[in-house]
>>> print(open('query20.csv').read())   # CSV, C-alpha atoms
chain,number,residue,atom,x,y,z
A,1,MET,CA,7.0,-12.7,14.6
A,2,VAL,CA,4.8,-11.6,11.7
A,3,LYS,CA,6.0,-9.1,9.1
A,4,LEU,CA,3.9,-7.5,6.3
A,5,SER,CA,5.6,-5.4,3.7
A,6,LEU,CA,4.1,-3.4,0.9
A,7,VAL,CA,6.4,-2.7,-2.0
A,8,LEU,CA,5.6,0.2,-4.2
A,9,THR,CA,8.3,0.6,-7.0
A,10,MET,CA,8.3,3.1,-9.9
A,11,ALA,CA,10.6,2.0,-12.7
A,12,LEU,CA,11.7,4.0,-15.7
A,13,PRO,CA,12.2,2.7,-19.2
A,14,MET,CA,15.7,3.5,-20.4
A,15,ALA,CA,14.5,5.7,-23.2
A,16,ALA,CA,12.8,8.0,-20.8
A,17,ALA,CA,15.5,8.1,-18.1
A,18,GLU,CA,16.8,11.5,-19.1
A,19,TYR,CA,13.4,13.1,-18.4
A,20,ALA,CA,12.2,11.2,-15.3
A,21,ALA,CA,13.6,11.7,-11.8
A,22,VAL,CA,14.3,8.8,-9.5
A,23,TYR,CA,13.3,9.1,-5.9
A,24,THR,CA,13.8,6.9,-2.8
A,25,ILE,CA,10.8,6.6,-0.5
A,26,ASP,CA,11.6,8.2,2.9
A,27,ALA,CA,10.5,5.5,5.4
A,28,ALA,CA,10.5,8.0,8.3
A,29,HIS,CA,7.9,10.2,6.5
A,30,SER,CA,5.8,7.5,4.8
A,31,ALA,CA,3.1,5.1,6.0
A,32,ALA,CA,0.4,2.7,4.7
A,33,SER,CA,-2.9,2.7,6.5
A,34,PHE,CA,-6.0,0.6,6.3
A,35,SER,CA,-9.6,0.5,7.5
A,36,VAL,CA,-12.0,-2.4,7.9
A,37,ARG,CA,-15.5,-2.9,9.4
A,38,HIS,CA,-15.5,-4.6,12.8
A,39,MET,CA,-18.6,-6.5,14.0
A,40,MET,CA,-20.7,-4.6,11.5
A,41,VAL,CA,-20.8,-1.6,13.8
A,42,ASN,CA,-17.5,0.2,13.7
A,43,THR,CA,-14.5,0.8,11.4
A,44,ILE,CA,-11.1,-0.1,12.8
A,45,ARG,CA,-8.1,1.7,11.5
A,46,GLY,CA,-4.4,0.8,11.5
A,47,GLN,CA,-1.2,1.4,9.8
A,48,PHE,CA,2.1,-0.1,8.8
A,49,ALA,CA,5.0,2.2,9.7
A,50,LYS,CA,7.8,1.0,7.5
A,51,VAL,CA,7.4,1.7,3.8
A,52,THR,CA,10.4,1.6,1.5
A,53,GLY,CA,11.0,1.6,-2.2
A,54,LYS,CA,11.5,3.8,-5.3
A,55,VAL,CA,9.5,6.2,-7.4
A,56,VAL,CA,10.4,7.2,-11.0
A,57,TYR,CA,8.4,10.3,-11.9
A,58,ASP,CA,8.0,12.4,-15.0
A,59,ALA,CA,5.3,15.0,-14.6
A,60,ALA,CA,5.3,15.7,-18.3
A,61,ASN,CA,4.9,12.0,-19.3
A,62,LEU,CA,3.1,10.0,-16.6
A,63,THR,CA,3.3,6.9,-18.8
A,64,VAL,CA,7.0,6.4,-18.0
A,65,SER,CA,6.5,6.9,-14.2
A,66,LYS,CA,6.6,3.8,-12.0
A,67,VAL,CA,6.4,2.9,-8.3
A,68,GLU,CA,7.9,0.0,-6.4
A,69,ALA,CA,7.2,-0.2,-2.7
A,70,THR,CA,7.6,-2.7,0.2
A,71,ILE,CA,5.7,-2.6,3.5
A,72,ASP,CA,7.0,-4.4,6.5
A,73,VAL,CA,4.0,-6.2,7.9
A,74,SER,CA,5.5,-6.6,11.4
A,75,THR,CA,5.1,-2.8,11.9
A,76,ILE,CA,1.3,-3.1,12.0
A,77,ASP,CA,-0.3,-0.8,14.6
A,78,THR,CA,-4.0,-0.6,15.4
A,79,ARG,CA,-3.4,0.9,18.9
A,80,GLU,CA,-4.4,-2.4,20.5
A,81,PRO,CA,-1.4,-4.8,21.2
A,82,LYS,CA,-3.5,-8.0,21.5
A,83,ARG,CA,-5.3,-7.2,18.2
A,84,ASP,CA,-1.9,-6.5,16.5
A,85,ALA,CA,-0.5,-9.8,17.8
A,86,HIS,CA,-3.6,-11.6,16.3
A,87,LEU,CA,-3.2,-9.8,13.0
A,88,ARG,CA,0.5,-10.9,12.8
A,89,SER,CA,-0.5,-14.5,13.5
A,90,PRO,CA,-1.3,-17.3,10.9
A,91,ASP,CA,-5.1,-16.3,11.3
A,92,PHE,CA,-4.4,-13.1,9.3
A,93,PHE,CA,-1.1,-11.9,7.8
A,94,ASP,CA,1.1,-14.8,9.0
A,95,VAL,CA,4.1,-12.5,9.3
A,96,ALA,CA,6.5,-15.4,9.9
A,97,LYS,CA,5.7,-16.8,6.5
A,98,PHE,CA,4.8,-13.6,4.6
A,99,PRO,CA,6.9,-10.8,6.1
A,100,VAL,CA,6.4,-8.2,3.4
A,101,MET,CA,3.7,-6.8,1.2
A,102,THR,CA,4.8,-5.5,-2.2
A,103,PHE,CA,3.4,-3.3,-4.9
A,104,ALA,CA,4.9,-2.9,-8.4
A,105,SER,CA,3.1,-0.5,-10.7
A,106,THR,CA,2.4,-1.4,-14.3
A,107,LYS,CA,0.6,1.8,-15.5
A,108,LEU,CA,0.1,5.4,-14.4
A,109,TRP,CA,-2.2,7.7,-16.2
A,110,ARG,CA,-4.4,10.8,-15.8
A,111,ASP,CA,-8.2,10.2,-15.8
A,112,GLY,CA,-9.7,13.7,-15.7
A,113,GLU,CA,-8.6,15.3,-12.5
A,114,THR,CA,-7.5,12.0,-11.0
A,115,VAL,CA,-4.2,10.2,-11.5
A,116,LYS,CA,-4.7,6.4,-11.6
A,117,LEU,CA,-2.0,3.9,-10.7
A,118,LEU,CA,-2.4,0.2,-11.8
A,119,GLY,CA,-0.1,-2.4,-10.4
A,120,ASP,CA,0.4,-5.8,-8.8
A,121,LEU,CA,0.0,-6.1,-5.1
A,122,THR,CA,1.5,-9.2,-3.4
A,123,LEU,CA,0.0,-9.9,0.0
A,124,HIS,CA,0.0,-13.1,2.0
A,125,GLY,CA,1.6,-14.9,-0.9
A,126,VAL,CA,-1.1,-13.9,-3.4
A,127,THR,CA,-0.6,-11.4,-6.2
A,128,ARG,CA,-3.6,-9.4,-7.6
A,129,THR,CA,-3.9,-6.3,-9.8
A,130,ILE,CA,-5.3,-3.3,-8.1
A,131,THR,CA,-6.0,0.3,-9.1
A,132,LEU,CA,-5.2,3.3,-6.8
A,133,ASP,CA,-6.3,6.9,-7.0
A,134,VAL,CA,-3.2,9.2,-6.6
A,135,THR,CA,-2.9,12.7,-5.5
A,136,MET,CA,0.6,13.9,-6.4
A,137,LEU,CA,2.4,16.8,-4.8
A,138,GLN,CA,5.9,18.0,-5.8
A,139,THR,CA,8.2,20.6,-4.3
A,140,ALA,CA,9.4,23.5,-6.5
A,141,GLU,CA,13.0,22.3,-6.3
A,142,GLU,CA,12.0,18.8,-7.3
A,143,LYS,CA,14.2,17.5,-4.5
A,144,ARG,CA,11.3,15.8,-2.7
A,145,ILE,CA,7.9,14.6,-3.8
A,146,GLY,CA,4.9,13.5,-1.9
A,147,ALA,CA,1.9,11.4,-3.0
A,148,THR,CA,-1.2,9.9,-1.4
A,149,ALA,CA,-2.7,6.7,-3.0
A,150,THR,CA,-6.1,5.4,-2.0
A,151,GLY,CA,-8.1,2.3,-3.0
A,152,LYS,CA,-10.0,-0.8,-1.8
A,153,LEU,CA,-9.3,-4.5,-1.9
A,154,SER,CA,-11.0,-7.7,-0.9
A,155,ARG,CA,-9.1,-9.5,1.9
A,156,ARG,CA,-10.6,-12.9,0.8
A,157,GLU,CA,-8.9,-12.4,-2.7
A,158,PHE,CA,-5.6,-12.4,-0.8
A,159,GLY,CA,-6.3,-15.5,1.2
A,160,LEU,CA,-7.1,-13.6,4.4
A,161,LEU,CA,-10.1,-15.8,5.4
A,162,TRP,CA,-10.3,-15.8,9.2
A,163,ASN,CA,-13.7,-14.7,10.5
A,164,LYS,CA,-16.4,-15.5,12.9
A,165,VAL,CA,-20.2,-15.1,12.6
A,166,ILE,CA,-21.8,-13.0,15.3
A,167,GLU,CA,-25.2,-13.5,16.9
A,168,THR,CA,-26.9,-11.0,14.7
A,169,GLY,CA,-25.8,-12.8,11.5
A,170,GLY,CA,-23.0,-10.5,10.6
A,171,VAL,CA,-19.3,-11.2,10.8
A,172,VAL,CA,-16.5,-10.0,13.0
A,173,VAL,CA,-14.3,-8.7,10.2
A,174,GLY,CA,-15.5,-7.2,7.0
A,175,ASP,CA,-14.1,-8.2,3.6
A,176,GLU,CA,-13.5,-4.8,2.1
A,177,ILE,CA,-10.3,-3.1,3.1
A,178,GLY,CA,-9.8,0.6,2.5
A,179,VAL,CA,-6.1,1.4,1.8
A,180,THR,CA,-4.3,4.7,2.0
A,181,ILE,CA,-0.6,5.0,1.3
A,182,LYS,CA,1.2,8.3,2.0
A,183,LEU,CA,4.6,8.6,0.5
A,184,GLU,CA,7.4,11.2,0.8
A,185,ALA,CA,10.4,10.5,-1.4
A,186,ALA,CA,13.8,12.2,-1.9
A,187,ARG,CA,15.5,12.6,-5.2
A,188,MET,CA,18.4,10.3,-5.7
>>> encode(input="query20.csv", output="structure tokens")
Amino acid sequence: MVKLSLVLTMALPMAAAEYAAVYTIDAAHSAASFSVRHMMVNTIRGQFAKVTGKVVYDAANLTVSKVEATIDVSTIDTREPKRDAHLRSPDFFDVAKFPVMTFASTKLWRDGETVKLLGDLTLHGVTRTITLDVTMLQTAEEKRIGATATGKLSRREFGLLWNKVIETGGVVVGDEIGVTIKLEAARM
């Protein structure tokens, strides 16, 4: 059985605790999805259904905001059971050995109209720093927040090396992975 978890955690420095709110990621209303080129002719999409973690958010001072999240890799769903089983196998995610994917932010800042989130993604036993573009939404009562984070990563940089060359000279699976994480979180 293969599990992949992505961990997104927002942590708050003690000095800023009185201004930032702490939220728990609502796993029932959150998901992480991906897209990758298949055989150089199509884009395959899939998602991981179980995302958990915490968010510390201060709209007035983004620099104290943090995210910590975990994604259960075994929840992978590409709408094709045989492909999902192959993705859980040692050829790809090796869920038995690496059941979760985690993300821990190190910096959040505004870059013009975009909010940027820098952090450490651990996937398949490898940790790399990635940057995500974030769209943040917040309810008026501040009881729930929502955010969408998007970015790209190289699967080779995380040790996901399985591939086959096709007759036309291309490969079965592209290297660049598009990532989208949609979170809804409730105030603690």
>>> residues_around(input="query20.csv", residues="range 167-176 of chain A", least_positions_apart="6", cutoff="10 Å", atoms="only C-alpha atoms", output="PyMOL selection string")
chain A and resi 35-41+43-44+152-157+160-161
>>> residues_near_point(input="query20.csv", point="(-2.5, 4.3, 18.3)", cutoff="12 Å", atoms="only C-alpha atoms", output="PyMOL selection string")
chain A and resi 33+44-49+76-81+83-84
>>> closest_residue(input="query20.csv", among="A:Pro90, A:Gly53, A:Pro99, A:Gly151", to="Thr75 in chain A", atoms="all atoms listed in the file")
A:Pro99
>>> atom_distance(input="query20.csv", atom1="CA of Ile71 in chain A", atom2="CA of Ala31 in chain A")
8.5 Å
>>> residues_near_point(input="query20.csv", point="(15.1, 16.2, -11.0)", cutoff="10 Å", atoms="all atoms listed in the file", output="short mmCIF file (atom, residue, chain, number, x, y, z; two decimals) with C-alpha atoms, in the frame of the given file")
data_model
loop_
_atom_site.label_atom_id
_atom_site.label_comp_id
_atom_site.auth_asym_id
_atom_site.auth_seq_id
_atom_site.Cartn_x
_atom_site.Cartn_y
_atom_site.Cartn_z
CA GLU A 18 16.80 11.50 -19.10
CA TYR A 19 13.40 13.10 -18.40
CA ALA A 20 12.20 11.20 -15.30
CA ALA A 21 13.60 11.70 -11.80
CA VAL A 22 14.30 8.80 -9.50
CA TYR A 23 13.30 9.10 -5.90
CA TYR A 57 8.40 10.30 -11.90
CA ASP A 58 8.00 12.40 -15.00
CA GLU A 141 13.00 22.30 -6.30
CA GLU A 142 12.00 18.80 -7.30
CA LYS A 143 14.20 17.50 -4.50
CA ARG A 144 11.30 15.80 -2.70
CA ARG A 187 15.50 12.60 -5.20
CA MET A 188 18.40 10.30 -5.70
#
>>> residues_around(input="query20.csv", residues="Leu117 in chain A", least_positions_apart="5", cutoff="8 Å", atoms="all atoms listed in the file", output="number ranges by chain")
A: 105-109, 131-134
